[in-house]
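Engineer: Once you've had a glance at the structure underneath, I'll fire off some questions.
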Amino acid sequence: MNICVFLSAADLDDRYTRPAREFAELLGKGGHTLVWGGSDVGLMKVVADGVQEAGGRLLGVSVDFLAAKARTGADEMVVARDLAERKALLLDRADAVVIMVGGTGTLDEATEILELKKHGKTEKPVVLLNTAGFYDGLKEQFRRMEDEGFLPRPLTDLVFFAEEPVGALAYLEESHGTR
């Protein structure tokens, strides 16, 4: 399975890197391909290293203005002209999506895939990996959107909230029929 992971390129502490590394190892050992922003810095590097070391493949999609930070040695690296094209390419190449900790770019990517699902433009499974409670506030906001009628589909149809890496991958494999 090609699993797109949206996540930060920032250098983060162990409460975020440890679970990310754990997910990456599970992904690699499962024979899956990481589809990610192609960066070789921060949390993106942690995940790419973990997948590659565990035997998984790397498919990166960088962007022109970040190409200097792109990982060398990926199985495949595509360079998009802008962030919109990058996002479209990431989603096009993915069978499933995992949203890990990140900033505004990650939030933009997350809301795009959820909006596509909301309108029935994709049925790819989406997991929000809520490492160290990072997305507790967002989870609460999504529930409020659902409760107050802003979502035409149940929240559970749009996204699966996982607290641990093993639960995230198990959900994806079950959704994809590989488990």
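Residues are named by chain letter and number: chains run A, B, ... in the order of the structure tokens, numbers start at 1 in each chain, and ligands are numbered from 1 in the order shown.
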Give me, as a Markdown table, each residue of range 15-69 of chain A that comes within 12 Å of range 132-153 of chain A, together with its shortest interatomic pair and the distance in Å at one decimal, counting only C-alpha atoms, with rows ordered by chain and rising residue number.
Structural biologist:
| residue | atom | partner | partner_atom | distance |
| --- | --- | --- | --- | --- |
| A:Arg15 | CA | A:Ala132 | CA | 6.8 |
| A:Tyr16 | CA | A:Ala132 | CA | 7.3 |
| A:Thr17 | CA | A:Ala132 | CA | 10.8 |
| A:Arg18 | CA | A:Ala132 | CA | 10.7 |
| A:Pro19 | CA | A:Ala132 | CA | 9.1 |
| A:Ala20 | CA | A:Ala132 | CA | 11.2 |
Engineer: Those same residues, written as a compact mmCIF listing (two decimals), in the first residue's frame with N, CA, C and O atoms?
Structural biologist:
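Saved file part-v1.txt follows:
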# COMPACT_ATOMS: atom_id res chain seq x y z
N ARG A 15 8.86 12.98 22.40
CA ARG A 15 7.44 12.60 22.53
C ARG A 15 6.76 12.55 21.17
O ARG A 15 5.72 11.91 21.00
N TYR A 16 7.34 13.22 20.16
CA TYR A 16 6.82 13.17 18.79
C TYR A 16 7.65 12.26 17.89
O TYR A 16 7.10 11.58 17.03
N THR A 17 8.96 12.28 18.06
CA THR A 17 9.80 11.47 17.17
C THR A 17 9.70 9.97 17.46
O THR A 17 9.71 9.17 16.52
N ARG A 18 9.58 9.58 18.71
CA ARG A 18 9.50 8.16 19.05
C ARG A 18 8.29 7.48 18.40
O ARG A 18 8.44 6.47 17.71
N PRO A 19 7.06 8.01 18.55
CA PRO A 19 5.91 7.38 17.89
C PRO A 19 6.01 7.44 16.35
O PRO A 19 5.56 6.52 15.67
N ALA A 20 6.58 8.52 15.83
CA ALA A 20 6.75 8.63 14.37
C ALA A 20 7.69 7.54 13.87
O ALA A 20 7.43 6.90 12.84
Engineer: For range 60-162 of chain A against range 26-50 of chain A, with a cut-off of 9 Å and counting only C-alpha atoms, what is the closest atom pair and its distance in Å to one decimal for every residue that makes the cut, ordered by chain and number, as a Markdown table?
Structural biologist:
| residue | atom | partner | partner_atom | distance |
| --- | --- | --- | --- | --- |
| A:Gly60 | CA | A:Gly38 | CA | 3.9 |
| A:Val61 | CA | A:Gly37 | CA | 4.9 |
| A:Ser62 | CA | A:Gly38 | CA | 4.9 |
| A:Val63 | CA | A:Gly37 | CA | 8.2 |
| A:Leu66 | CA | A:Ser39 | CA | 7.8 |
| A:Ala67 | CA | A:Ser39 | CA | 8.1 |
| A:Ala68 | CA | A:Ser39 | CA | 8.8 |
| A:Lys69 | CA | A:Ser39 | CA | 5.4 |
| A:Ala70 | CA | A:Ser39 | CA | 4.5 |
| A:Arg71 | CA | A:Asp40 | CA | 4.6 |
| A:Thr72 | CA | A:Asp40 | CA | 8.0 |
| A:Ala74 | CA | A:Gly38 | CA | 8.2 |
| A:Met77 | CA | A:Gly38 | CA | 6.9 |
| A:Val78 | CA | A:Gly38 | CA | 8.2 |
| A:Val79 | CA | A:Gly38 | CA | 8.8 |
| A:Arg86 | CA | A:Gly37 | CA | 7.9 |
| A:Lys87 | CA | A:Gly37 | CA | 8.7 |
| A:Leu90 | CA | A:Val35 | CA | 6.6 |
| A:Leu91 | CA | A:Val35 | CA | 8.8 |
| A:Arg93 | CA | A:Val35 | CA | 7.3 |
| A:Ala94 | CA | A:Val35 | CA | 6.6 |
| A:Val97 | CA | A:Val35 | CA | 9.0 |
| A:Val101 | CA | A:Leu43 | CA | 8.9 |
| A:Gly102 | CA | A:Leu43 | CA | 9.0 |
Engineer: In Å, how far is it from CA of Glu22 in chain A to CA of Thr156 in chain A?
Structural biologist: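 Between CA of Glu22 in chain A and CA of Thr156 in chain A the gap is 24.7 Å.
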Engineer: Give the alpha helix (DSSP H) residues of chain A, as DSSP finds them on the backbone, and put them as a count of residues only.
Structural biologist: 82
